[in-house]
$ cat entry-v5.txt   # compact mmCIF, C-alpha atoms
# COMPACT_ATOMS: atom_id res chain seq x y z
CA MET A 1 -44.48 -1.33 0.21
CA THR A 2 -41.82 -3.96 -0.49
CA ALA A 3 -38.63 -4.30 1.52
CA SER A 4 -36.64 -3.00 -1.45
CA GLY A 5 -38.95 0.00 -1.59
CA MET A 6 -38.28 0.69 2.10
CA VAL A 7 -34.53 0.67 1.43
CA ALA A 8 -34.98 3.03 -1.50
CA ALA A 9 -36.88 5.43 0.75
CA LEU A 10 -33.78 5.67 2.97
CA HIS A 11 -31.62 7.08 0.17
CA LEU A 12 -30.16 10.54 0.55
CA PRO A 13 -32.45 13.51 -0.03
CA PRO A 14 -31.83 15.73 -3.09
CA LEU A 15 -28.42 17.33 -2.82
CA PRO A 16 -26.27 19.57 -5.01
CA THR A 17 -24.31 17.59 -7.60
CA ILE A 18 -20.60 17.01 -7.03
CA GLY A 19 -19.92 19.60 -9.70
CA GLU A 20 -22.12 22.09 -7.87
CA ILE A 21 -20.37 21.31 -4.57
CA ILE A 22 -17.03 22.02 -6.23
CA LYS A 23 -18.32 25.37 -7.51
CA LEU A 24 -20.13 26.24 -4.27
CA PHE A 25 -17.02 25.83 -2.11
CA ARG A 26 -14.61 26.92 -4.88
CA LEU A 27 -12.71 23.65 -4.74
CA ARG A 28 -9.73 22.98 -6.94
CA ALA A 29 -7.67 19.81 -7.12
CA ASN A 30 -4.32 20.24 -5.41
CA LYS A 31 -1.59 18.98 -7.76
CA GLN A 32 0.88 18.65 -4.89
CA LEU A 33 -1.52 16.22 -3.21
CA SER A 34 -2.22 14.38 -6.52
CA GLN A 35 -5.95 15.07 -6.17
CA ASN A 36 -8.41 14.09 -8.90
CA PHE A 37 -12.19 14.37 -8.56
CA LEU A 38 -14.53 11.61 -9.72
CA LEU A 39 -17.78 13.28 -10.80
CA ASP A 40 -19.53 10.27 -12.41
CA LEU A 41 -21.77 8.82 -9.69
CA LYS A 42 -22.34 5.64 -11.73
CA LEU A 43 -18.61 4.95 -11.53
CA ALA A 44 -18.67 5.80 -7.82
CA ASP A 45 -21.50 3.27 -7.40
CA LYS A 46 -19.45 0.68 -9.31
CA ILE A 47 -16.45 1.20 -7.02
CA VAL A 48 -18.62 0.74 -3.94
CA ARG A 49 -20.24 -2.42 -5.37
CA GLN A 50 -16.79 -4.05 -5.54
CA ALA A 51 -16.71 -3.98 -1.73
CA GLY A 52 -19.70 -6.32 -1.64
CA ASN A 53 -22.90 -5.99 0.37
CA LEU A 54 -22.45 -2.99 2.65
CA LYS A 55 -25.90 -3.06 4.26
CA ASP A 56 -25.42 -2.41 8.00
CA ALA A 57 -21.64 -2.37 7.53
CA HIS A 58 -19.18 -0.01 9.18
CA VAL A 59 -17.11 1.72 6.51
CA CYS A 60 -14.08 4.00 6.58
CA GLU A 61 -13.61 6.11 3.47
CA VAL A 62 -10.12 7.48 2.98
CA GLY A 63 -9.79 10.86 1.30
CA PRO A 64 -13.46 11.43 0.40
CA GLY A 65 -12.74 14.82 -1.18
CA PRO A 66 -15.97 16.42 -2.50
CA GLY A 67 -17.94 13.30 -1.54
CA GLY A 68 -18.80 11.43 -4.75
CA ILE A 69 -17.97 7.95 -3.42
CA THR A 70 -19.31 9.04 -0.02
CA ARG A 71 -22.80 9.36 -1.48
CA SER A 72 -22.60 5.90 -3.03
CA ILE A 73 -21.51 4.39 0.29
CA LEU A 74 -24.38 6.06 2.16
CA ASN A 75 -26.84 4.90 -0.50
CA ALA A 76 -25.64 1.33 0.18
CA ASN A 77 -27.41 1.65 3.56
CA VAL A 78 -24.34 1.33 5.79
CA ALA A 79 -24.66 1.44 9.56
CA GLN A 80 -21.85 3.95 10.06
CA LEU A 81 -19.45 5.84 7.82
CA LEU A 82 -16.14 7.25 9.04
CA LEU A 83 -14.57 9.87 6.75
CA VAL A 84 -10.86 10.64 7.11
CA GLU A 85 -9.98 13.79 5.16
CA LYS A 86 -6.70 15.70 5.33
CA ASP A 87 -7.75 18.74 3.25
CA THR A 88 -9.83 21.23 5.27
CA ARG A 89 -11.40 22.65 2.09
CA PHE A 90 -13.56 19.54 1.72
CA ILE A 91 -14.95 19.50 5.28
CA PRO A 92 -17.95 21.85 4.69
CA GLY A 93 -19.19 19.77 1.76
CA LEU A 94 -18.80 16.56 3.78
CA GLN A 95 -20.70 18.17 6.67
CA MET A 96 -23.55 18.79 4.23
CA LEU A 97 -23.63 15.05 3.50
CA SER A 98 -23.48 14.29 7.21
CA GLU A 99 -26.53 16.45 7.83
CA ALA A 100 -28.38 14.62 5.04
CA ALA A 101 -27.73 11.27 6.80
CA PRO A 102 -28.25 12.07 10.51
CA GLY A 103 -26.27 9.89 12.92
CA LYS A 104 -24.48 7.92 10.22
CA VAL A 105 -21.40 9.99 9.41
CA CYS A 106 -18.34 10.81 11.49
CA ILE A 107 -15.82 13.22 9.94
CA VAL A 108 -12.18 13.16 11.03
CA HIS A 109 -9.88 15.93 9.84
CA GLY A 110 -6.54 14.21 9.72
CA ASP A 111 -3.89 12.30 7.77
CA VAL A 112 -4.74 8.63 7.25
CA LEU A 113 -1.03 7.78 7.34
CA THR A 114 -0.93 8.78 11.01
CA TYR A 115 -4.57 8.26 12.03
CA ARG A 116 -4.92 5.42 14.54
CA MET A 117 -7.55 3.08 13.13
CA ASN A 118 -7.33 0.53 15.92
CA ARG A 119 -10.10 2.48 17.68
CA ALA A 120 -12.09 3.49 14.63
CA PHE A 121 -14.87 0.91 14.96
CA PRO A 122 -17.04 -0.54 17.76
CA GLU A 123 -15.50 -3.37 19.77
CA HIS A 124 -18.44 -5.71 19.17
CA LEU A 125 -17.45 -5.95 15.49
CA ARG A 126 -14.22 -7.80 16.31
CA LYS A 127 -13.81 -11.32 14.92
CA MET A 128 -11.19 -14.01 15.30
CA TRP A 129 -8.61 -13.92 12.52
CA GLN A 130 -9.57 -17.36 11.21
CA ASP A 131 -13.25 -16.37 11.01
CA ASP A 132 -14.93 -14.67 8.08
CA PRO A 133 -13.98 -10.98 7.65
CA PRO A 134 -15.77 -8.56 9.98
CA ASN A 135 -18.52 -6.30 8.65
CA ILE A 136 -15.95 -3.52 8.27
CA HIS A 137 -14.67 -2.09 5.00
CA ILE A 138 -12.06 0.46 3.96
CA ILE A 139 -12.81 2.27 0.70
CA GLY A 140 -10.85 5.05 -0.93
CA ASN A 141 -10.02 6.90 -4.12
CA LEU A 142 -6.43 7.42 -3.05
CA PRO A 143 -4.24 10.31 -4.24
CA PHE A 144 -1.41 8.81 -6.28
CA SER A 145 1.21 10.37 -4.00
CA VAL A 146 0.00 8.47 -0.95
CA SER A 147 -1.29 5.19 -2.39
CA THR A 148 1.92 3.13 -2.30
CA PRO A 149 3.18 4.18 1.18
CA LEU A 150 -0.35 3.72 2.52
CA ILE A 151 -0.83 0.20 1.17
CA ILE A 152 2.62 -0.79 2.49
CA LYS A 153 1.60 0.60 5.90
CA TRP A 154 -1.66 -1.35 5.85
CA LEU A 155 0.06 -4.53 4.67
CA GLU A 156 2.34 -4.25 7.69
CA ASN A 157 -0.80 -3.82 9.81
CA VAL A 158 -2.18 -7.01 8.22
CA SER A 159 1.04 -8.85 9.09
CA ASN A 160 0.93 -7.60 12.70
CA ARG A 161 -2.87 -7.85 12.92
CA ASP A 162 -3.11 -4.34 14.29
CA GLY A 163 -4.46 -0.98 13.10
CA PRO A 164 -7.73 -1.56 11.20
CA PHE A 165 -6.98 -5.30 11.26
CA ILE A 166 -7.25 -5.55 15.01
CA TYR A 167 -10.92 -6.27 14.26
CA GLY A 168 -10.07 -9.23 12.03
CA ARG A 169 -9.48 -9.61 8.30
CA THR A 170 -10.87 -6.20 7.31
CA GLN A 171 -11.39 -5.88 3.55
CA MET A 172 -10.19 -2.93 1.47
CA THR A 173 -11.33 -1.55 -1.89
CA LEU A 174 -8.91 1.10 -3.12
CA THR A 175 -7.85 2.94 -6.25
CA PHE A 176 -4.31 3.12 -7.65
CA GLN A 177 -2.60 4.20 -10.81
CA LYS A 178 -3.23 1.46 -13.38
CA GLU A 179 0.47 0.57 -13.42
CA VAL A 180 0.52 0.15 -9.63
CA GLY A 181 -2.65 -1.97 -9.82
CA GLU A 182 -0.93 -4.23 -12.37
CA ARG A 183 2.06 -4.61 -10.06
CA LEU A 184 -0.15 -5.53 -7.12
CA ILE A 185 -1.69 -8.49 -8.98
CA ALA A 186 1.29 -9.44 -11.20
CA SER A 187 2.03 -13.15 -11.46
CA THR A 188 5.39 -14.90 -11.69
CA GLY A 189 7.17 -14.14 -14.95
CA SER A 190 5.25 -10.99 -15.84
CA LYS A 191 7.04 -7.70 -16.51
CA GLN A 192 5.00 -6.00 -13.76
CA ARG A 193 6.19 -8.45 -11.08
CA SER A 194 7.68 -6.33 -8.29
CA ARG A 195 8.15 -5.80 -4.57
CA LEU A 196 4.47 -4.77 -4.33
CA SER A 197 3.39 -8.06 -5.95
CA ILE A 198 5.12 -10.18 -3.31
CA MET A 199 4.32 -7.99 -0.30
CA SER A 200 0.60 -7.84 -1.14
CA GLN A 201 0.05 -11.39 -2.40
CA HIS A 202 1.81 -13.13 0.46
CA LEU A 203 -0.59 -11.43 2.89
CA CYS A 204 -3.82 -10.93 0.90
CA THR A 205 -6.01 -12.15 -1.88
CA VAL A 206 -5.65 -9.28 -4.36
CA GLN A 207 -8.20 -8.68 -7.10
CA ASN A 208 -7.98 -6.05 -9.84
CA CYS A 209 -11.69 -5.29 -10.19
CA PHE A 210 -11.82 -2.88 -13.13
CA VAL A 211 -10.08 0.10 -14.71
CA ILE A 212 -11.46 3.66 -14.77
CA PRO A 213 -10.29 5.73 -17.76
CA GLY A 214 -8.39 8.87 -16.80
CA HIS A 215 -10.88 11.12 -18.58
CA ALA A 216 -13.49 10.24 -15.93
CA PHE A 217 -11.60 12.41 -13.44
CA ILE A 218 -11.18 16.16 -13.11
CA PRO A 219 -8.47 17.21 -13.67
CA LYS A 220 -7.68 14.33 -16.02
CA PRO A 221 -4.63 12.38 -14.82
CA LYS A 222 -2.07 11.20 -17.34
CA VAL A 223 -2.85 7.58 -16.46
CA ASP A 224 -5.88 5.36 -16.00
CA VAL A 225 -6.97 4.22 -12.56
CA ALA A 226 -7.34 0.64 -11.24
CA VAL A 227 -9.82 -0.40 -8.55
CA VAL A 228 -8.23 -3.13 -6.41
CA ARG A 229 -9.78 -5.22 -3.64
CA PHE A 230 -7.76 -6.79 -0.79
CA THR A 231 -8.88 -9.57 1.54
CA PRO A 232 -6.27 -10.61 4.16
CA LEU A 233 -5.36 -14.31 4.13
CA VAL A 234 -5.96 -16.46 7.19
CA GLU A 235 -2.29 -17.45 7.06
CA PRO A 236 0.43 -15.50 5.20
CA LYS A 237 2.40 -17.37 2.57
CA ILE A 238 5.69 -16.35 4.20
CA LEU A 239 5.74 -16.90 7.96
CA GLN A 240 8.34 -14.28 8.84
CA PRO A 241 8.15 -10.72 10.29
CA PHE A 242 7.03 -8.04 7.86
CA LYS A 243 10.27 -6.02 8.09
CA LEU A 244 12.37 -9.08 7.29
CA VAL A 245 10.24 -10.06 4.29
CA GLU A 246 10.24 -6.50 3.00
CA LYS A 247 14.02 -6.24 3.30
CA VAL A 248 14.62 -9.48 1.40
CA VAL A 249 12.08 -8.66 -1.32
CA ARG A 250 13.29 -5.08 -1.73
CA SER A 251 16.90 -6.29 -2.04
CA VAL A 252 16.05 -8.97 -4.62
CA PHE A 253 14.23 -6.44 -6.82
CA HIS A 254 16.99 -3.83 -6.43
CA PHE A 255 18.59 -5.32 -9.55
CA ARG A 256 15.40 -6.46 -11.27
CA ARG A 257 17.08 -7.04 -14.67
CA LYS A 258 20.03 -8.96 -13.23
CA PHE A 259 20.25 -12.49 -11.87
CA CYS A 260 18.57 -12.73 -8.48
CA TRP A 261 21.82 -13.48 -6.63
CA ARG A 262 22.90 -9.87 -7.26
CA GLY A 263 20.02 -8.51 -5.17
CA VAL A 264 20.45 -11.18 -2.50
CA GLY A 265 24.09 -10.13 -2.23
CA ILE A 266 23.33 -6.63 -0.94
CA LEU A 267 21.86 -8.18 2.21
CA PHE A 268 25.46 -8.82 3.31
CA PRO A 269 28.57 -6.69 3.98
CA GLU A 270 31.02 -6.56 1.08
CA ALA A 271 33.77 -8.40 3.02
CA ASP A 272 31.94 -11.75 2.95
CA ARG A 273 29.20 -11.00 0.41
CA LEU A 274 29.95 -13.78 -2.07
CA LYS A 275 30.26 -16.47 0.59
CA LYS A 276 27.06 -15.42 2.41
CA THR A 277 25.12 -15.04 -0.83
CA GLU A 278 26.08 -18.55 -1.95
CA GLN A 279 25.14 -19.92 1.48
CA MET A 280 21.70 -18.26 1.40
CA MET A 281 20.93 -19.36 -2.15
CA GLN A 282 21.88 -22.95 -1.36
CA THR A 283 19.86 -23.01 1.88
CA ALA A 284 16.82 -21.58 0.07
CA ASP A 285 17.32 -23.97 -2.88
CA VAL A 286 16.92 -21.15 -5.39
CA ASP A 287 18.62 -21.07 -8.79
CA PRO A 288 20.89 -17.98 -8.61
CA THR A 289 20.52 -17.37 -12.37
CA LEU A 290 16.79 -16.73 -12.19
CA ARG A 291 15.65 -13.12 -12.65
CA PRO A 292 13.69 -11.53 -9.79
CA THR A 293 10.48 -11.55 -11.85
CA GLN A 294 10.85 -15.33 -12.35
CA LEU A 295 10.87 -16.13 -8.64
CA THR A 296 7.73 -17.76 -7.26
CA MET A 297 6.22 -17.10 -3.86
CA LEU A 298 7.78 -20.40 -2.74
CA HIS A 299 11.19 -19.11 -3.81
CA PHE A 300 10.71 -15.95 -1.75
CA LYS A 301 9.57 -18.03 1.22
CA GLY A 302 12.77 -20.06 0.98
CA LEU A 303 14.90 -16.92 0.75
CA CYS A 304 13.19 -15.28 3.73
CA ASP A 305 13.46 -18.44 5.84
CA ALA A 306 17.16 -18.78 4.95
CA TYR A 307 17.86 -15.13 5.75
CA ARG A 308 16.03 -15.43 9.08
CA LYS A 309 18.23 -18.41 9.98
CA MET A 310 21.37 -16.44 9.13
CA CYS A 311 20.15 -13.45 11.16
CA ASP A 312 19.52 -15.72 14.15
CA GLU A 313 23.12 -16.93 13.87
CA ASP A 314 24.51 -13.38 13.48
CA SER A 315 22.56 -10.80 15.50
CA SER A 316 24.22 -7.86 13.69
CA LEU A 317 23.22 -9.00 10.21
CA PHE A 318 19.68 -7.64 10.03
CA ALA A 319 20.86 -4.12 10.93
CA TYR A 320 23.27 -4.09 7.97
CA ASN A 321 22.36 -1.53 5.30
CA TYR A 322 23.92 -1.75 1.85
CA ARG A 323 23.39 1.93 1.12
CA ASP A 324 25.14 2.98 4.33
CA GLU A 325 28.21 0.93 3.45
CA LEU A 326 28.16 2.32 -0.10
CA LYS A 327 27.97 5.91 1.20
CA GLU A 328 30.84 5.28 3.60
CA LYS A 329 32.92 3.78 0.80
CA MET A 330 32.30 6.81 -1.42
CA ARG A 331 33.08 9.18 1.46
CA SER A 332 36.40 7.42 2.12
CA LYS A 333 37.27 7.54 -1.58
CA ARG A 334 36.50 11.27 -1.67
CA ASP A 335 38.58 11.90 1.46
CA ARG A 336 41.55 10.02 -0.02
CA HIS A 337 41.24 12.04 -3.22
CA LEU A 338 41.20 15.34 -1.27
CA LYS A 339 44.20 14.27 0.77
CA GLN A 340 46.06 13.40 -2.42
CA LEU A 341 45.30 16.85 -3.85
CA GLU A 342 46.56 18.53 -0.67
CA GLU A 343 49.80 16.56 -0.81
CA GLU A 344 50.32 17.56 -4.45
CA ASP A 345 49.79 21.23 -3.53
CA GLU A 346 52.51 20.98 -0.90
CA LEU A 347 55.07 19.75 -3.41
$ encode --input "entry-v5.txt" --output "structure tokens"
Amino acid sequence: MTASGMVAALHLPPLPTIGEIIKLFRLRANKQLSQNFLLDLKLADKIVRQAGNLKDAHVCEVGPGPGGITRSILNANVAQLLLVEKDTRFIPGLQMLSEAAPGKVCIVHGDVLTYRMNRAFPEHLRKMWQDDPPNIHIIGNLPFSVSTPLIIKWLENVSNRDGPFIYGRTQMTLTFQKEVGERLIASTGSKQRSRLSIMSQHLCTVQNCFVIPGHAFIPKPKVDVAVVRFTPLVEPKILQPFKLVEKVVRSVFHFRRKFCWRGVGILFPEADRLKKTEQMMQTADVDPTLRPTQLTMLHFKGLCDAYRKMCDEDSSLFAYNYRDELKEKMRSKRDRHLKQLEEEDEL
């Protein structure tokens, strides 16, 4: 028998289809959790192929649900598969898969947003950051409600080199709403250019692999789904702390249809906003009349470096929050109005 024939012999034994699993355990997609089931195993196989060669790899699947992608991962002949599932209804079906692949599957009932992945894989898999990525992969058909906060969390982990990235430049293959996928890969000047574009691309190589039509899922979502692959860069394009970069980028895109100086301005208290904004734009050498979507990664690097310098000179600056000042201003205005009404009543 050929080597390929030996690998084929290791495939999962006959199992109920995903549709049968759903009926057997009376599973229904939870709208509040934005759940959608992928029943087409060919599409599941295609998602898994985007992760590359998974033979002998250690994989974490996020939100496996009824286990469609799980089967494809196991059929790729992985060494170990960690399943992190929040919904208890799916656990019995996943246990069935675990029994069909003895010793290969570990099921964790928990929320991936709080699950500590820095201990999820064996220590011997660790690699130096500058080396090739470790033989570790994160794969997931993410619920729409959790996809954006989760990728921001993991991007911060990439920046800090902790969480699942304590093992090195761990690669991720994840699904998002098509619109979110377009934002993640958007280039300078495109309408989809956003905070997500900068935060992801300054830390990772981001590839939009393919789009799955919404009708492939049950229940059918109102949008199509993008499969996106992330590979952390050896060196980020902006060498500043994650929180600082996120604050600058979020502020710039706060007024995405205005000139970029408007967003930069809300980094500073109103009392000296114009002066500080002009200082930061000049230090960063950025044209204040550019729109946020027109700014290149080099522009954002200049803005972040300039803001960091200003924060070093004024230790209270980074803690400033535009929304807090705005709320206080509105509260004071309301209080003055109420006082005026009380005075009029006394007359």
$ residues_around --input "entry-v5.txt" --residues "Leu267 (chain A)" --least-positions-apart "5" --cutoff "10 Å" --atoms "only C-alpha atoms" --output "number ranges by chain"
A: 247-248, 250-252, 262, 273, 276-277, 307, 317-322
$ residues_around --input "entry-v5.txt" --residues "Lys153 (chain A)" --least-positions-apart "6" --cutoff "12 Å" --atoms "all atoms listed in the file" --output "number ranges by chain"
A: 112-117, 146-147, 159-165, 196, 199-200, 242-243, 246
$ atom_distance --input "entry-v5.txt" --atom1 "CA of Ile238 (chain A)" --atom2 "CA of Pro269 (chain A)"
24.8 Å
$ atom_distance --input "entry-v5.txt" --atom1 "CA of Thr170 (chain A)" --atom2 "CA of Thr231 (chain A)"
7.0 Å
$ closest_residue --input "entry-v5.txt" --among "A:Pro134, A:Pro16, A:Pro149, A:Pro213" --to "Gly93 (chain A)" --atoms "all atoms listed in the file"
A:Pro16
$ atom_distance --input "entry-v5.txt" --atom1 "CA of Leu203 (chain A)" --atom2 "CA of Thr175 (chain A)"
18.5 Å
$ closest_residue --input "entry-v5.txt" --among "A:Met297, A:His58, A:Arg257, A:Gln130" --to "Ser197 (chain A)" --atoms "all atoms listed in the file"
A:Met297
$ closest_residue --input "entry-v5.txt" --among "A:Ala79, A:Ala306, A:Ile151, A:Ile69" --to "Gln282 (chain A)" --atoms "only C-alpha atoms"
A:Ala306
$ residues_near_point --input "entry-v5.txt" --point "(3.0, -20.3, 3.3)" --cutoff "9 Å" --atoms "only C-alpha atoms" --output "list in words"
His202, Glu235, Pro236, Lys237, Ile238, Leu239, Met297, Leu298 and Lys301 of chain A
$ closest_residue --input "entry-v5.txt" --among "A:Arg28, A:Lys55, A:Arg71, A:His137" --to "Leu15 (chain A)" --atoms "all atoms listed in the file"
A:Arg71
$ residues_near_point --input "entry-v5.txt" --point "(-25.1, -3.5, -0.7)" --cutoff "12 Å" --atoms "all atoms listed in the file" --output "list in words"
Ser4, Val7, Ala8, Asp45, Lys46, Ile47, Val48, Arg49, Gln50, Ala51, Gly52, Asn53, Leu54, Lys55, Asp56, Ala57, Val59, Ser72, Ile73, Leu74, Asn75, Ala76, Asn77, Val78, Ala79, Asn135 and His137 of chain A
$ closest_residue --input "entry-v5.txt" --among "A:Asn157, A:Gln240, A:Asn30, A:Thr17" --to "Ile218 (chain A)" --atoms "all atoms listed in the file"
A:Asn30
